[in-house]
Each structure stands twice: as C-alpha cells, then as structure tokens.
file work-v3.tsv (TSV, C-alpha atoms)
chain	number	residue	atom	x	y	z
A	1	MET	CA	-50.23	28.56	72.04
A	2	SER	CA	-46.96	29.29	73.84
A	3	PHE	CA	-44.77	27.62	71.22
A	4	ARG	CA	-41.70	29.44	69.99
A	5	PRO	CA	-38.96	28.01	67.76
A	6	GLN	CA	-36.67	26.05	70.08
A	7	ASP	CA	-33.10	27.25	70.40
A	8	ALA	CA	-30.69	24.41	69.79
A	9	PRO	CA	-28.38	23.82	72.77
A	10	VAL	CA	-24.79	24.80	72.12
A	11	ALA	CA	-22.84	21.60	71.49
A	12	ALA	CA	-19.95	20.39	69.43
A	13	PRO	CA	-21.16	19.51	65.93
A	14	ARG	CA	-21.43	15.80	65.24
A	15	LYS	CA	-20.32	14.10	62.08
A	16	LYS	CA	-23.04	12.47	60.03
A	17	VAL	CA	-23.32	8.74	60.73
A	18	THR	CA	-23.03	7.05	57.35
A	19	LEU	CA	-23.16	3.40	56.36
A	20	ALA	CA	-19.37	3.51	56.07
A	21	ARG	CA	-19.15	4.81	59.63
A	22	LEU	CA	-21.40	1.99	60.89
A	23	ALA	CA	-19.18	-0.57	59.17
A	24	GLU	CA	-16.13	1.09	60.71
A	25	MET	CA	-17.71	0.96	64.18
A	26	ARG	CA	-18.26	-2.77	63.74
A	27	ARG	CA	-14.63	-3.29	62.72
A	28	GLN	CA	-13.44	-1.25	65.70
A	29	ASN	CA	-15.78	-3.15	68.03
A	30	THR	CA	-17.49	0.11	69.02
A	31	PRO	CA	-21.08	-0.64	70.06
A	32	ILE	CA	-23.68	0.98	67.81
A	33	THR	CA	-26.64	2.68	69.49
A	34	MET	CA	-30.07	2.82	67.91
A	35	LEU	CA	-33.36	4.12	69.30
A	36	THR	CA	-36.76	4.41	67.71
A	37	ALA	CA	-38.15	7.89	67.13
A	38	TYR	CA	-41.57	8.82	65.85
A	39	ASP	CA	-41.71	12.62	65.95
A	40	TYR	CA	-39.62	15.79	65.91
A	41	PRO	CA	-39.10	16.12	69.71
A	42	THR	CA	-37.86	12.55	70.19
A	43	ALA	CA	-35.64	12.87	67.13
A	44	GLN	CA	-34.06	15.99	68.64
A	45	ARG	CA	-33.40	14.15	71.87
A	46	CYS	CA	-31.75	11.31	69.96
A	47	GLU	CA	-29.64	13.90	68.16
A	48	ARG	CA	-28.55	15.61	71.36
A	49	GLY	CA	-27.98	12.31	73.17
A	50	GLY	CA	-25.46	11.03	70.65
A	51	VAL	CA	-27.52	8.15	69.21
A	52	ASP	CA	-25.94	6.61	66.11
A	53	MET	CA	-29.13	5.48	64.38
A	54	CYS	CA	-32.77	6.55	64.56
A	55	LEU	CA	-35.32	3.94	63.57
A	56	VAL	CA	-38.81	5.04	62.62
A	57	GLY	CA	-40.16	1.65	63.62
A	58	ASP	CA	-43.54	0.21	62.82
A	59	SER	CA	-43.95	-0.03	66.61
A	60	LEU	CA	-45.36	3.48	66.21
A	61	ALA	CA	-48.58	1.65	65.34
A	62	GLN	CA	-49.02	0.72	69.00
A	63	VAL	CA	-47.12	3.34	70.98
A	64	CYS	CA	-48.22	6.39	68.98
A	65	LEU	CA	-51.35	5.51	67.04
A	66	GLY	CA	-53.07	3.12	69.43
A	67	TYR	CA	-53.37	0.18	67.01
A	68	GLU	CA	-53.46	-3.36	68.35
A	69	GLY	CA	-50.49	-4.44	66.26
A	70	THR	CA	-47.99	-3.35	63.64
A	71	THR	CA	-49.91	-4.84	60.71
A	72	SER	CA	-52.45	-1.98	60.82
A	73	LEU	CA	-49.85	0.67	60.00
A	74	THR	CA	-50.04	2.19	56.51
A	75	LEU	CA	-47.31	3.51	54.26
A	76	ASP	CA	-48.85	6.99	54.36
A	77	GLU	CA	-48.60	7.01	58.15
A	78	MET	CA	-45.00	5.85	58.05
A	79	VAL	CA	-44.04	8.55	55.53
A	80	HIS	CA	-45.71	11.20	57.73
A	81	HIS	CA	-43.74	10.17	60.82
A	82	CYS	CA	-40.48	9.76	58.88
A	83	ARG	CA	-40.70	13.33	57.66
A	84	ALA	CA	-41.16	14.59	61.22
A	85	VAL	CA	-38.20	12.58	62.53
A	86	ALA	CA	-35.99	13.67	59.64
A	87	ARG	CA	-36.45	17.31	60.66
A	88	GLY	CA	-34.92	16.67	64.07
A	89	CYS	CA	-32.51	13.83	63.27
A	90	LYS	CA	-29.53	15.32	61.45
A	91	SER	CA	-26.47	13.35	62.58
A	92	PRO	CA	-27.84	9.83	63.23
A	93	HIS	CA	-28.47	7.54	60.29
A	94	LEU	CA	-32.24	7.46	59.69
A	95	VAL	CA	-33.79	4.10	58.84
A	96	ALA	CA	-37.49	3.41	58.35
A	97	ASP	CA	-39.43	0.19	58.73
A	98	MET	CA	-41.34	-0.89	55.66
A	99	PRO	CA	-44.90	-1.47	56.91
A	100	PHE	CA	-46.65	-4.81	56.58
A	101	GLY	CA	-47.85	-5.41	53.02
A	102	THR	CA	-45.56	-2.88	51.37
A	103	TYR	CA	-43.00	-5.44	50.20
A	104	HIS	CA	-45.04	-8.62	49.89
A	105	VAL	CA	-46.91	-8.23	46.58
A	106	SER	CA	-44.01	-8.00	44.13
A	107	VAL	CA	-40.42	-6.84	43.90
A	108	ARG	CA	-41.47	-3.93	41.69
A	109	ASP	CA	-44.10	-2.84	44.20
A	110	ALA	CA	-41.59	-3.15	47.05
A	111	ILE	CA	-39.05	-0.95	45.23
A	112	ARG	CA	-41.72	1.67	44.56
A	113	ASN	CA	-42.68	1.78	48.25
A	114	ALA	CA	-39.06	1.91	49.42
A	115	VAL	CA	-38.37	4.79	47.04
A	116	ARG	CA	-41.33	6.64	48.50
A	117	LEU	CA	-39.99	6.24	52.05
A	118	ILE	CA	-36.63	7.62	50.97
A	119	GLN	CA	-37.80	10.27	48.51
A	120	TYR	CA	-40.81	11.61	50.41
A	121	GLY	CA	-40.19	10.34	53.94
A	122	ASN	CA	-36.54	11.48	53.87
A	123	ALA	CA	-35.37	8.14	55.28
A	124	GLU	CA	-31.80	7.16	54.42
A	125	SER	CA	-32.43	3.42	54.37
A	126	VAL	CA	-35.26	0.96	54.92
A	127	LYS	CA	-35.66	-2.12	57.09
A	128	LEU	CA	-37.73	-5.18	56.31
A	129	GLU	CA	-38.50	-8.36	58.21
A	130	GLY	CA	-37.83	-11.88	57.02
A	131	GLY	CA	-35.20	-14.42	56.06
A	132	PHE	CA	-34.82	-16.38	52.86
A	133	ASP	CA	-38.23	-15.19	51.65
A	134	VAL	CA	-37.10	-11.56	51.39
A	135	VAL	CA	-33.63	-12.22	49.96
A	136	PRO	CA	-34.79	-11.47	46.37
A	137	ILE	CA	-36.23	-8.16	47.57
A	138	VAL	CA	-33.04	-7.24	49.43
A	139	LYS	CA	-31.00	-8.01	46.31
A	140	ALA	CA	-33.34	-5.95	44.13
A	141	PHE	CA	-33.13	-3.03	46.56
A	142	THR	CA	-29.33	-3.25	46.58
A	143	ASP	CA	-29.19	-3.38	42.79
A	144	ALA	CA	-31.42	-0.31	42.68
A	145	GLY	CA	-29.16	1.59	45.08
A	146	LEU	CA	-31.58	1.43	48.02
A	147	PRO	CA	-29.77	0.73	51.32
A	148	VAL	CA	-31.57	-2.01	53.23
A	149	MET	CA	-31.34	-3.45	56.73
A	150	GLY	CA	-32.55	-6.98	57.46
A	151	HIS	CA	-34.47	-8.22	60.49
A	152	ILE	CA	-34.63	-11.85	61.62
A	153	GLY	CA	-35.59	-13.78	64.75
A	154	LEU	CA	-38.82	-12.49	66.22
A	155	THR	CA	-40.49	-10.54	63.42
A	156	PRO	CA	-43.47	-8.63	64.91
A	157	GLN	CA	-45.26	-8.27	61.58
A	158	ARG	CA	-45.53	-12.07	61.54
A	159	ALA	CA	-46.44	-12.50	65.19
A	160	ALA	CA	-49.68	-14.29	64.30
A	161	ALA	CA	-47.84	-16.81	62.14
A	162	LEU	CA	-45.29	-17.31	64.94
A	163	SER	CA	-48.10	-17.94	67.49
A	164	GLY	CA	-47.31	-14.73	69.33
A	165	TYR	CA	-44.25	-12.83	70.46
A	166	ARG	CA	-41.96	-15.77	71.19
A	167	VAL	CA	-38.21	-16.21	71.41
A	168	GLN	CA	-36.91	-17.73	68.16
A	169	GLY	CA	-34.01	-20.08	67.45
A	170	ARG	CA	-34.15	-22.11	70.64
A	171	ASP	CA	-33.73	-25.48	68.94
A	172	ALA	CA	-30.81	-26.56	66.76
A	173	ASN	CA	-32.70	-26.61	63.45
A	174	SER	CA	-34.31	-23.18	63.81
A	175	ALA	CA	-31.01	-21.74	65.08
A	176	HIS	CA	-29.21	-23.13	62.03
A	177	ARG	CA	-31.85	-21.62	59.75
A	178	LEU	CA	-31.38	-18.21	61.34
A	179	VAL	CA	-27.63	-18.40	60.73
A	180	GLU	CA	-28.17	-19.31	57.09
A	181	SER	CA	-30.80	-16.56	56.72
A	182	ALA	CA	-28.38	-13.98	58.08
A	183	LYS	CA	-25.69	-15.07	55.63
A	184	ALA	CA	-28.14	-14.96	52.73
A	185	LEU	CA	-29.29	-11.45	53.65
A	186	GLN	CA	-25.68	-10.30	53.86
A	187	ASP	CA	-24.88	-11.86	50.48
A	188	ALA	CA	-27.94	-10.13	49.00
A	189	GLY	CA	-26.55	-6.76	50.05
A	190	ALA	CA	-28.03	-5.90	53.46
A	191	TYR	CA	-25.77	-3.40	55.23
A	192	ALA	CA	-26.86	-4.59	58.71
A	193	ILE	CA	-29.30	-7.02	60.36
A	194	VAL	CA	-31.51	-6.68	63.42
A	195	LEU	CA	-31.52	-9.81	65.60
A	196	GLU	CA	-34.63	-9.86	67.77
A	197	ALA	CA	-35.46	-12.16	70.66
A	198	ILE	CA	-33.00	-14.98	70.01
A	199	PRO	CA	-30.68	-16.76	72.50
A	200	HIS	CA	-27.60	-14.66	73.21
A	201	PRO	CA	-25.05	-17.38	72.26
A	202	LEU	CA	-26.74	-17.68	68.88
A	203	ALA	CA	-26.73	-13.91	68.36
A	204	SER	CA	-23.03	-13.77	69.23
A	205	TYR	CA	-22.32	-16.63	66.82
A	206	ILE	CA	-24.22	-14.94	63.98
A	207	THR	CA	-22.37	-11.69	64.67
A	208	SER	CA	-19.03	-13.47	64.50
A	209	THR	CA	-19.86	-15.10	61.17
A	210	LEU	CA	-20.97	-11.91	59.40
A	211	SER	CA	-18.95	-9.00	58.06
A	212	ILE	CA	-21.82	-6.52	58.53
A	213	PRO	CA	-23.13	-5.07	61.82
A	214	THR	CA	-25.82	-6.83	63.83
A	215	ILE	CA	-28.19	-4.81	65.99
A	216	GLY	CA	-29.66	-6.73	68.89
A	217	ILE	CA	-32.95	-6.37	70.69
A	218	GLY	CA	-33.37	-9.13	73.19
A	219	ALA	CA	-30.31	-10.84	71.72
A	220	GLY	CA	-27.62	-10.18	74.33
A	221	GLY	CA	-24.50	-8.07	74.40
A	222	GLY	CA	-22.57	-9.94	71.72
A	223	CYS	CA	-24.16	-8.00	68.86
A	224	SER	CA	-22.50	-5.06	67.11
A	225	GLY	CA	-25.09	-2.72	68.61
A	226	GLN	CA	-28.38	-2.44	70.42
A	227	VAL	CA	-31.82	-1.00	69.71
A	228	LEU	CA	-34.78	-0.32	71.97
A	229	VAL	CA	-38.19	1.20	71.44
A	230	TRP	CA	-38.16	4.78	72.75
A	231	ASP	CA	-41.27	4.35	74.87
A	232	ASP	CA	-39.88	1.18	76.47
A	233	ALA	CA	-36.49	2.70	77.24
A	234	MET	CA	-37.85	6.03	78.48
A	235	GLY	CA	-40.77	4.64	80.48
A	236	ASN	CA	-43.64	6.05	78.40
A	237	TRP	CA	-45.18	2.69	77.57
A	238	THR	CA	-47.64	1.27	80.09
A	239	GLY	CA	-48.20	-2.03	78.28
A	240	HIS	CA	-46.32	-5.30	78.59
A	241	LYS	CA	-42.64	-4.94	79.48
A	242	ALA	CA	-40.50	-7.50	77.68
A	243	LYS	CA	-37.70	-9.25	79.56
A	244	PHE	CA	-35.03	-7.55	77.47
A	245	VAL	CA	-36.25	-4.02	78.23
A	246	GLN	CA	-34.45	-1.77	80.69
A	247	ARG	CA	-36.04	1.51	81.76
A	248	PHE	CA	-33.54	4.35	81.50
A	249	ALA	CA	-36.07	7.01	82.54
A	250	ASN	CA	-39.63	7.21	83.86
A	251	LEU	CA	-41.10	9.88	81.61
A	252	GLY	CA	-44.57	8.37	81.73
A	253	GLU	CA	-44.72	8.54	85.52
A	254	VAL	CA	-43.50	12.15	85.48
A	255	ALA	CA	-46.03	13.09	82.78
A	256	ASP	CA	-48.92	11.44	84.65
A	257	GLY	CA	-47.99	13.39	87.75
A	258	GLY	CA	-47.77	16.59	85.72
A	259	VAL	CA	-51.25	16.13	84.25
A	260	LYS	CA	-52.76	15.49	87.67
A	261	ALA	CA	-50.96	18.51	89.14
A	262	TYR	CA	-52.29	20.70	86.33
A	263	VAL	CA	-55.88	19.54	86.81
A	264	ASP	CA	-55.64	20.07	90.58
A	265	ALA	CA	-54.15	23.55	90.18
A	266	VAL	CA	-56.89	24.66	87.78
A	267	ARG	CA	-59.65	23.25	89.98
A	268	ARG	CA	-58.24	25.04	93.04
A	269	ARG	CA	-57.84	28.23	90.98
A	270	GLU	CA	-54.13	28.26	91.74
A	271	PHE	CA	-53.38	28.40	88.03
A	272	PRO	CA	-53.02	30.77	86.35
A	273	ALA	CA	-51.33	32.88	89.00
A	274	GLU	CA	-50.59	36.58	88.59
A	275	GLU	CA	-47.19	35.90	87.03
A	276	HIS	CA	-48.89	34.00	84.19
A	277	THR	CA	-51.15	36.90	83.13
A	278	TYR	CA	-50.82	40.02	80.97
A	279	GLU	CA	-51.70	43.61	81.95
A	280	MET	CA	-53.08	46.67	80.14
A	281	HIS	CA	-51.96	50.21	80.77
A	282	GLN	CA	-54.39	51.82	83.20
A	283	GLY	CA	-55.21	54.60	80.80
A	284	GLU	CA	-56.08	52.16	78.02
A	285	TRP	CA	-58.29	50.17	80.37
A	286	GLU	CA	-60.19	53.31	81.31
A	287	LYS	CA	-60.66	54.18	77.62
A	288	PHE	CA	-61.94	50.64	77.02
A	289	LEU	CA	-64.50	50.98	79.84
A	290	ALA	CA	-65.63	54.31	78.39
A	291	LEU	CA	-66.10	52.72	74.96
A	292	VAL	CA	-68.14	49.88	76.44
A	293	LYS	CA	-70.24	52.36	78.41
A	294	ASN	CA	-70.84	54.40	75.25
A	295	ASP	CA	-71.90	51.24	73.38
A	296	SER	CA	-74.40	50.47	76.15
A	297	VAL	CA	-75.91	53.98	75.89
A	298	LEU	CA	-76.30	53.72	72.13
A	299	GLU	CA	-77.95	50.30	72.39
A	300	ALA	CA	-80.40	51.63	74.95

call {"tool": "encode", "arguments": {"input": "work-v3.tsv", "output": "structure tokens"}}
result
Amino acid sequence: MSFRPQDAPVAAPRKKVTLARLAEMRRQNTPITMLTAYDYPTAQRCERGGVDMCLVGDSLAQVCLGYEGTTSLTLDEMVHHCRAVARGCKSPHLVADMPFGTYHVSVRDAIRNAVRLIQYGNAESVKLEGGFDVVPIVKAFTDAGLPVMGHIGLTPQRAAALSGYRVQGRDANSAHRLVESAKALQDAGAYAIVLEAIPHPLASYITSTLSIPTIGIGAGGGCSGQVLVWDDAMGNWTGHKAKFVQRFANLGEVADGGVKAYVDAVRRREFPAEEHTYEMHQGEWEKFLALVKNDSVLEA
C-alpha cells in the first residue's frame, strides 16, 4: 500500500465548538453548519472546511453499508463509524444518531446505549427521532448528563409508519402538533432540534418560538442552521435526489471517471509507467542472476 500518515495542512487552529457556542451562534443569528460524516477522511474534510457540527447519521446504513433503509443499522456499526469520525473531527461538535431500536425498549436501555455511543464511540451528544413519545427519554438523558438533540418532521426511521418519505406538517393540525412537540422536547432538555421536510413557514415559526437552535433539512432558510448528508451534498450518492438537496461538488462523477481511466490505462499497459517503478543497482542485479543460475545448477 502507498499509505503514509497524512500531513495536516497548515491552518489557523479552530476553537472547539461546544454546546454553549452553538447556543451563542443562535443568539447572534449566525447560521450553524452541519454535515454528516461516516469515516476519518470525510471527518477531516469537515474539520478543514470549517463545519460546526459533524453528524454520524444513520443514513450511513444506505450510503456506506448498502442497506435498504436506516432500520437495519446496528449499534455496533454506529459505534465503529463514530470512532473513525472522532479521530478526524476535532473542532466540530460530534453528534451521533441513535439507531432504530436502541431507545425504544425502555428508558434504562436507552441510557445504556447512549452511554455506549459517548463512552466507546467518542460522540459528544446523541440524536433521536420523535416527538411527544420520546420526551421521557430526552428528560432522562438530560438528567443523566447526556446531551441530546431532537429530530421531528420527517423521521426516516419511521418512514414505513409515515407511508414513505413525505413532507410533514402540511395541514393545520399536524403543524400544530409539531410546534407542541418541539416545545416539549426543549422543555425536556434537548439542546437543539432537527426539523426535516416540513413547510418553510412552519420551520421559521418553530424556530422563533424556541430558545434552542433548530437545524433544518428540507425546512427552508429560517432555521438556526442547516444539515445535509455528505453524499448528497458532495455528489457521491447516485440514488434519489430529494428536492431540498443542492450538489456542492460532483465527487461521484470524478471518481467514476478515475476508475475507468485506471482500468483503461492498465489494459493498454500505460500504467505503471517507468516513473512508477523501482530500480536495483546493476551490480546487485548481476549478483541476483548469478545466485539464480547457481540454484538452477544445483537443482539439475
């Protein structure tokens, strides 16, 4: 392998993004940036790019592990990826999704799993999906000193129950319930809430009624910050592109071209070229040939 430890680019050191800093950014109306990261290289890029928060999202089930949906992801897999991201993500706040089933059995079980993500996965906080139903868990986490982020609107872990990936809160009653859910999560101790796939006026209204940051994904520009899945934003993902996604790079297209170019170069024997090879001193090569010749004589 050609791997060598990567030299970190020279850059001004960044201050660690803490929960207090996130609250301050909300008060100052400074948009908070969050991207998902699933491994060491993407975490490093988030670090160098000035991202405020790295989310080890359960979307890694699809974009990294090839599962059909997020509900197949296990806690062991999440811990593994969290540890990798934590090695490269030093300044951004690191939050990890709690996988499906890890906070549904009991409050005690949920606390145990959250502790594992923080203690062994090196996450700094956890995120869980749901409204009123998870309020007791959020309160228990807060009482136990476990920082927790909420997530309402479209909750991918419950996509089947929601009849698919649909925009939420489009009628008055469901919109009102989302507002009340957000308030309840805040009162239970959540330090921030993700608002996913809800009408932008509703997201702006929820943001204005809360004293904690809101992070939007498909919720318009009125939120305290924004989050996107890395593979969506950087053009790695070849699956469905949601309306709210903007491509900021086309890494997948570049990588596909690179793979094809490599295969073509090998088949045409253009790679490796002379500059990619190593030499032996002529005298050593002659000694080697003599040794081989001697071996052949002895075998005969």

call {"tool": "atom_distance", "arguments": {"input": "work-v3.tsv", "atom1": "atom CA of Tyr67 of chain A", "atom2": "atom CA of Glu124 of chain A"}}
result
25.9 Å

call {"tool": "closest_residue", "arguments": {"input": "work-v3.tsv", "among": "A:His281, A:Arg116, A:Arg27, A:Lys15", "to": "Pro213 of chain A", "atoms": "all atoms listed in the file"}}
result
A:Arg27

call {"tool": "atom_distance", "arguments": {"input": "work-v3.tsv", "atom1": "atom CA of Val17 of chain A", "atom2": "atom CA of Asp143 of chain A"}}
result
22.4 Å

call {"tool": "atom_distance", "arguments": {"input": "work-v3.tsv", "atom1": "atom CA of Thr36 of chain A", "atom2": "atom CA of Asp76 of chain A"}}
result
18.2 Å

call {"tool": "residues_around", "arguments": {"input": "work-v3.tsv", "residues": "Tyr191 of chain A", "least_positions_apart": "5", "cutoff": "12 Å", "atoms": "only C-alpha atoms", "output": "ChimeraX atom specification"}}
result
/A:18-24,26,95,125-127,138-139,141-142,145-151,182-183,185-186,210-215

call {"tool": "closest_residue", "arguments": {"input": "work-v3.tsv", "among": "A:Cys64, A:Ala233, A:Ala140, A:Val167", "to": "Gly189 of chain A", "atoms": "only C-alpha atoms"}}
result
A:Ala140

call {"tool": "residues_around", "arguments": {"input": "work-v3.tsv", "residues": "Ala144 of chain A", "least_positions_apart": "6", "cutoff": "12 Å", "atoms": "all atoms listed in the file", "output": "PyMOL selection string"}}
result
chain A and resi 107-108+110-112+114-115+137-138+189

call {"tool": "axis_aligned_box", "arguments": {"input": "work-v3.tsv", "around": "segment 131-147 of chain A", "padding_each_side": "6 Å", "output": "AutoDock Vina command-line options"}}
result
--center_x -33.7 --center_y -7.4 --center_z 49.4 --size_x 21.1 --size_y 30.0 --size_z 25.4

call {"tool": "closest_residue", "arguments": {"input": "work-v3.tsv", "among": "A:Gln44, A:Thr238, A:Met280, A:Val179", "to": "Asp256 of chain A", "atoms": "all atoms listed in the file"}}
result
A:Thr238

call {"tool": "closest_residue", "arguments": {"input": "work-v3.tsv", "among": "A:His80, A:Arg158, A:Phe132, A:Ser59", "to": "Trp237 of chain A", "atoms": "all atoms listed in the file"}}
result
A:Ser59

call {"tool": "residues_around", "arguments": {"input": "work-v3.tsv", "residues": "Gly130 of chain A", "least_positions_apart": "3", "cutoff": "9 Å", "atoms": "all atoms listed in the file", "output": "list in words"}}
result
Asp133, Val134, Val135, Gly150, His151, Ile152, Gly153, Thr155, Arg158 and Ser181 of chain A

call {"tool": "closest_residue", "arguments": {"input": "work-v3.tsv", "among": "A:Gly283, A:Gly222, A:Gly88, A:Gly121", "to": "Cys54 of chain A", "atoms": "only C-alpha atoms"}}
result
A:Gly88

call {"tool": "residues_around", "arguments": {"input": "work-v3.tsv", "residues": "segment 224-232 of chain A", "least_positions_apart": "3", "cutoff": "8 Å", "atoms": "all atoms listed in the file", "output": "list in words"}}
result
Arg26, Asn29, Thr30, Pro31, Ile32, Thr33, Met34, Leu35, Thr36, Ala37, Ser59, Val63, Thr207, Pro213, Thr214, Ile215, Gly216, Ile217, Gly221, Gly235, Asn236, Trp237, Lys241, Val245, Gln246 and Arg247 of chain A

call {"tool": "closest_residue", "arguments": {"input": "work-v3.tsv", "among": "A:Asn113, A:Ala96, A:Val85, A:Ile193", "to": "Gly131 of chain A", "atoms": "only C-alpha atoms"}}
result
A:Ile193

call {"tool": "residues_around", "arguments": {"input": "work-v3.tsv", "residues": "Gln62 of chain A", "least_positions_apart": "3", "cutoff": "10 Å", "atoms": "only C-alpha atoms", "output": "ChimeraX atom specification"}}
result
/A:58-59,65-70,72-73,237,239
